[in-house]
Amino acid sequence: MAEFWDIYLLPALIIIGQILLIVVPLLVAVAYLTLYERKVMAVMQLRKGPNVVGPFGLLQPLADGAKLFFKETVVPTGANKVLFLLAPMVTFILSLIAWAVIPFDEGWVLADINVGGLYLFAISSLGVYGIIVAGWASNSRYPFLGALRSAAQMVSYEVSIGFVIVTVLLCAGTLNLSGIVESQKGDLGLLNWWFVPLFPMFIIFFISILAETNRHPFDLPEAEAELVAGYQTEYSSMAFALFFLGEYANMILMSGICTVLFLGGWLPPADWAIFTWIPGIIWFGVKIAILLFVFIWVRATLPRYRYDQLMRLGWKVFLPFSLLWVVVTAGFLVYFDMVPA
Amino acid sequence: MIISTIAFYLFAAMTIASAFMVISAKNPVHSVLYLILAFFNSAALFVLLGAEFIAMILVVVYVGAVAVLFLFVVMMLDINFAELRQGFLQYLPIGGLIGLILLIELILVVSGWALSPEAIQVGSQVAPVMTDLTNTEQIGQVIYTEYAYLFQIAGMILLVAMIGAIVLTNRSRPGVRKQNIARQVYRRPEESMAVRKVEPGQGV
């Protein structure tokens with residue numbers, strides 16, 4: 001019995017504890033990301049934003065959550081009930097499981113697997129299922145149109161995201177995410193991070209993750225003016241809340257991936273004592289917060305793309321360019337004999 | 001390792017069950033979703049084998065791309081289920097015949113199955129090399145050295161298929177107005193705009 005405890009039960013309990021340590025702060029972060037977004041947009045539009053519930057509106061996310069929790073879950077008569085309720089769960093779960101391989105600090109990673117980059121790519125390519133199934137199972141026109149748009153959009157931008165990841169992998173020489181962060185260590189500090197040598201890819205990656213998370217200016221799947229709320233139209237209460245949480249958790253996740261690939265993960269921007277004294281997880285969080293600020297900034301600034309422009313950008317601009325850049329990077333590395341061993 | 005054995009049987013059973021549901025589900029969308037479940041369980045089996053690279057590629061390619069397109073097409077189909085079941089008896093004999101022929105062929109092939117002596121020799125030689133390389137690196141080293149030409153040919157075939165599909169579906173429709181972004185960007189105010197002074201009561 002003691003053996004059973006040592007081999008199976010104790011490790012299982014430790015892993016569950018680690019998962020909770022990741023998921024609970026993540027959900028709190030998601031809740032406060034909504035407040036962050038509303039506050040930042042409010043300031044950009046010369047408003048005050050939520051400021052009634054709690055000091056500076058700090059309790060607003062909790063109030064919103066409680067409100068959604070007490071609402072009734074309405075399932076449309078014509079809907080496919082099982083799939084209708086499964087879709088938001090899929091979206092939510094997929095946005096959480098990807099965090100298993102993200103390194104928060106040196107060695108702070110739940111599963112330090114060799115194919116971390118591929119795992120993230122696989123999980124992000126599954127995100128489309130929650131949306132497409134939601135649109136189909138609602139058995140309603142606007143959700144279906146929204147789901148089709150979303151599927152086409154996510155498939156299109158995934159291709160260039162794949163090429164961007166390949167470029168970084170070529171330079172880093174490993175698929176392991178901790179290894180990718182380690183490869184950005186150097187004397188130059190911030191200038192050693194991959195966003196400097198691979199700057200065009202960094203920009204392409206950022207724009208692609210805007211499209212991948214269905215954010216402005218690519219929020220066509222839920223374009224209010226055309227599609228009511230897209231695939232979310234028929235959802236209410238906690239089912240809607242799960243979509244909402246999943247979407248925002250995905251934003252944080254994509255910013256996290258961007259941080260790991262291009263912004264040096266947990267590394268401080270320079271090797272000075274005052275910077276190295278700050279723990280790595282703080283740096284990681286700050287970089288994610290900066291990227292999320294850009295997400296919100298873009299939302300407050302840019303008008304929505306038209307659908308054909310969106311497709312043109314994905315297939316005719318990003319895809320050829322990122323493919324070319326993969327070839328150029330590989331050629332450069334081989335020619336100057338800089339291929340990482 | 002009793003856990004990995006249990007996991008193997010769990011995933012294997014689920015693969016077979018979901019594969020069975022793919023062909024027996026009445027709704028084609030459910031079929032595709034069961035197919036995805038089958039892919040996932042096969043990926044899990046690869047992970048149990050220690051082939052995590054192939055497992056991830058299976059998920060990325062089949063679940064992330066191929067099945068999405070399947071689902072896309074199947075969702076758009078307008079299927080009348082009553083009509084679908086109508087012809088069942090009518091097609092049963094010919095369907096059964098094809099199934100029977102395939103079964104006989106399979107039996108013939110499997111009963112005549114023999115490994116060539118070379119294959120046995122190779123199989124006995126190449127035991128999985130216990131190096132400290134990850135299996136991603138090992139696959140890369142084999143694909144880009146020994147099988148480089150086959151790999152290139154596979155790529156070429158896919159390219160030809162892609163071009164073929166584009167050629168077959170691409171119709172040039174005359175008279176459709178399209179946005180030419182380069183032209184829009186190069187337009188200048190001077191060539192597209194004129195400021196005139198209009199006298200009252202005269203018009204332009």
# chains A, B, ... in the order shown; residues from 1 in each chain; ligands from 1
call {"tool": "closest_atom_pairs", "arguments": {"of": "chain B", "to": "chain A", "cutoff": "9 Å", "atoms": "only C-alpha atoms", "output": "CSV"}}
result
residue,atom,partner,partner_atom,distance
B:Ile3,CA,A:Tyr8,CA,8.7
B:Glu52,CA,A:Val115,CA,7.1
B:Phe53,CA,A:Val115,CA,6.5
B:Met56,CA,A:Tyr119,CA,6.1
B:Ile57,CA,A:Leu118,CA,7.6
B:Leu58,CA,A:Ala122,CA,8.9
B:Val59,CA,A:Ala122,CA,6.0
B:Val60,CA,A:Ala122,CA,4.6
B:Val61,CA,A:Ala122,CA,8.4
B:Val63,CA,A:Leu126,CA,7.1
B:Gly64,CA,A:Ser125,CA,4.9
B:Ala65,CA,A:Val155,CA,7.2
B:Val68,CA,A:Tyr129,CA,7.5
B:Leu69,CA,A:Ala151,CA,8.9
B:Leu71,CA,A:Ile132,CA,8.5
B:Phe72,CA,A:Leu148,CA,7.5
B:Met75,CA,A:Trp136,CA,7.2
B:Thr134,CA,A:Asn114,CA,7.3
B:Asn135,CA,A:Asn114,CA,8.9
B:Thr136,CA,A:Val115,CA,7.9
call {"tool": "residues_around", "arguments": {"residues": "Ala55 of chain B", "least_positions_apart": "5", "cutoff": "7 Å", "atoms": "only C-alpha atoms", "output": "JSON, numbers by chain"}}
result
{"B": [43, 44, 46, 47]}
call {"tool": "atom_distance", "arguments": {"atom1": "atom CA of Ala87 of chain A", "atom2": "atom CA of Tyr235 of chain A"}}
result
10.5 Å
call {"tool": "residues_around", "arguments": {"residues": "Arg38 of chain A", "least_positions_apart": "4", "cutoff": "8 Å", "atoms": "only C-alpha atoms", "output": "list in words"}}
result
Thr34, Ala42, Gly49 and Pro50 of chain A
call {"tool": "residues_around", "arguments": {"residues": "Arg306 of chain A", "least_positions_apart": "4", "cutoff": "9 Å", "atoms": "only C-alpha atoms", "output": "MDAnalysis selection string"}}
result
chainID A and resid 218 220 310:311
call {"tool": "write_last_selection", "arguments": {"atoms": "N, CA and C atoms", "output": "JSON list (two decimals), in the first residue's frame"}}
result
[["chain", "number", "residue", "atom", "x", "y", "z"],
["A", 218, "PHE", "N", -9.91, 41.73, -36.58],
["A", 218, "PHE", "CA", -10.32, 40.53, -37.31],
["A", 218, "PHE", "C", -11.46, 39.82, -36.58],
["A", 220, "LEU", "N", -14.40, 39.21, -37.24],
["A", 220, "LEU", "CA", -15.53, 38.96, -38.14],
["A", 220, "LEU", "C", -16.48, 37.87, -37.66],
["A", 310, "LEU", "N", -9.43, 40.28, -45.29],
["A", 310, "LEU", "CA", -8.85, 39.39, -44.29],
["A", 310, "LEU", "C", -8.21, 38.17, -44.95],
["A", 311, "MET", "N", -8.97, 37.56, -45.89],
["A", 311, "MET", "CA", -8.45, 36.37, -46.56],
["A", 311, "MET", "C", -7.24, 36.73, -47.42]]
call {"tool": "residues_around", "arguments": {"residues": "Ala7 of chain B", "least_positions_apart": "5", "cutoff": "10 Å", "atoms": "only C-alpha atoms", "output": "PyMOL selection string"}}
result
chain B and resi 2+12-13+44-45+48
call {"tool": "write_last_selection", "arguments": {"atoms": "N, CA and C atoms", "output": "mmCIF file, in the first residue's frame"}}
result
data_model
loop_
_atom_site.group_PDB
_atom_site.id
_atom_site.type_symbol
_atom_site.label_atom_id
_atom_site.label_comp_id
_atom_site.auth_asym_id
_atom_site.auth_seq_id
_atom_site.Cartn_x
_atom_site.Cartn_y
_atom_site.Cartn_z
ATOM 1 N N ILE B 2 1.553 -0.880 -14.508
ATOM 2 C CA ILE B 2 0.157 -1.275 -14.704
ATOM 3 C C ILE B 2 -0.654 -0.111 -15.276
ATOM 4 N N ALA B 12 -6.987 2.175 -26.707
ATOM 5 C CA ALA B 12 -7.233 1.274 -27.832
ATOM 6 C C ALA B 12 -8.724 0.984 -27.961
ATOM 7 N N ALA B 13 -9.383 0.713 -26.815
ATOM 8 C CA ALA B 13 -10.817 0.427 -26.857
ATOM 9 C C ALA B 13 -11.580 1.631 -27.374
ATOM 10 N N ALA B 44 -2.830 9.429 -28.635
ATOM 11 C CA ALA B 44 -2.492 9.029 -27.268
ATOM 12 C C ALA B 44 -1.712 7.716 -27.278
ATOM 13 N N LEU B 45 -2.095 6.799 -28.194
ATOM 14 C CA LEU B 45 -1.353 5.526 -28.285
ATOM 15 C C LEU B 45 0.089 5.789 -28.701
ATOM 16 N N LEU B 48 2.014 6.886 -25.789
ATOM 17 C CA LEU B 48 2.365 5.755 -24.928
ATOM 18 C C LEU B 48 3.571 5.011 -25.482
#
call {"tool": "residues_around", "arguments": {"residues": "Phe84 of chain A", "least_positions_apart": "2", "cutoff": "8 Å", "atoms": "only C-alpha atoms", "output": "number ranges by chain"}}
result
A: 75, 79-82, 86-88, 133-134, 137-138
call {"tool": "atom_distance", "arguments": {"atom1": "atom CA of Asn192 of chain A", "atom2": "atom CA of Gly140 of chain B"}}
result
27.4 Å
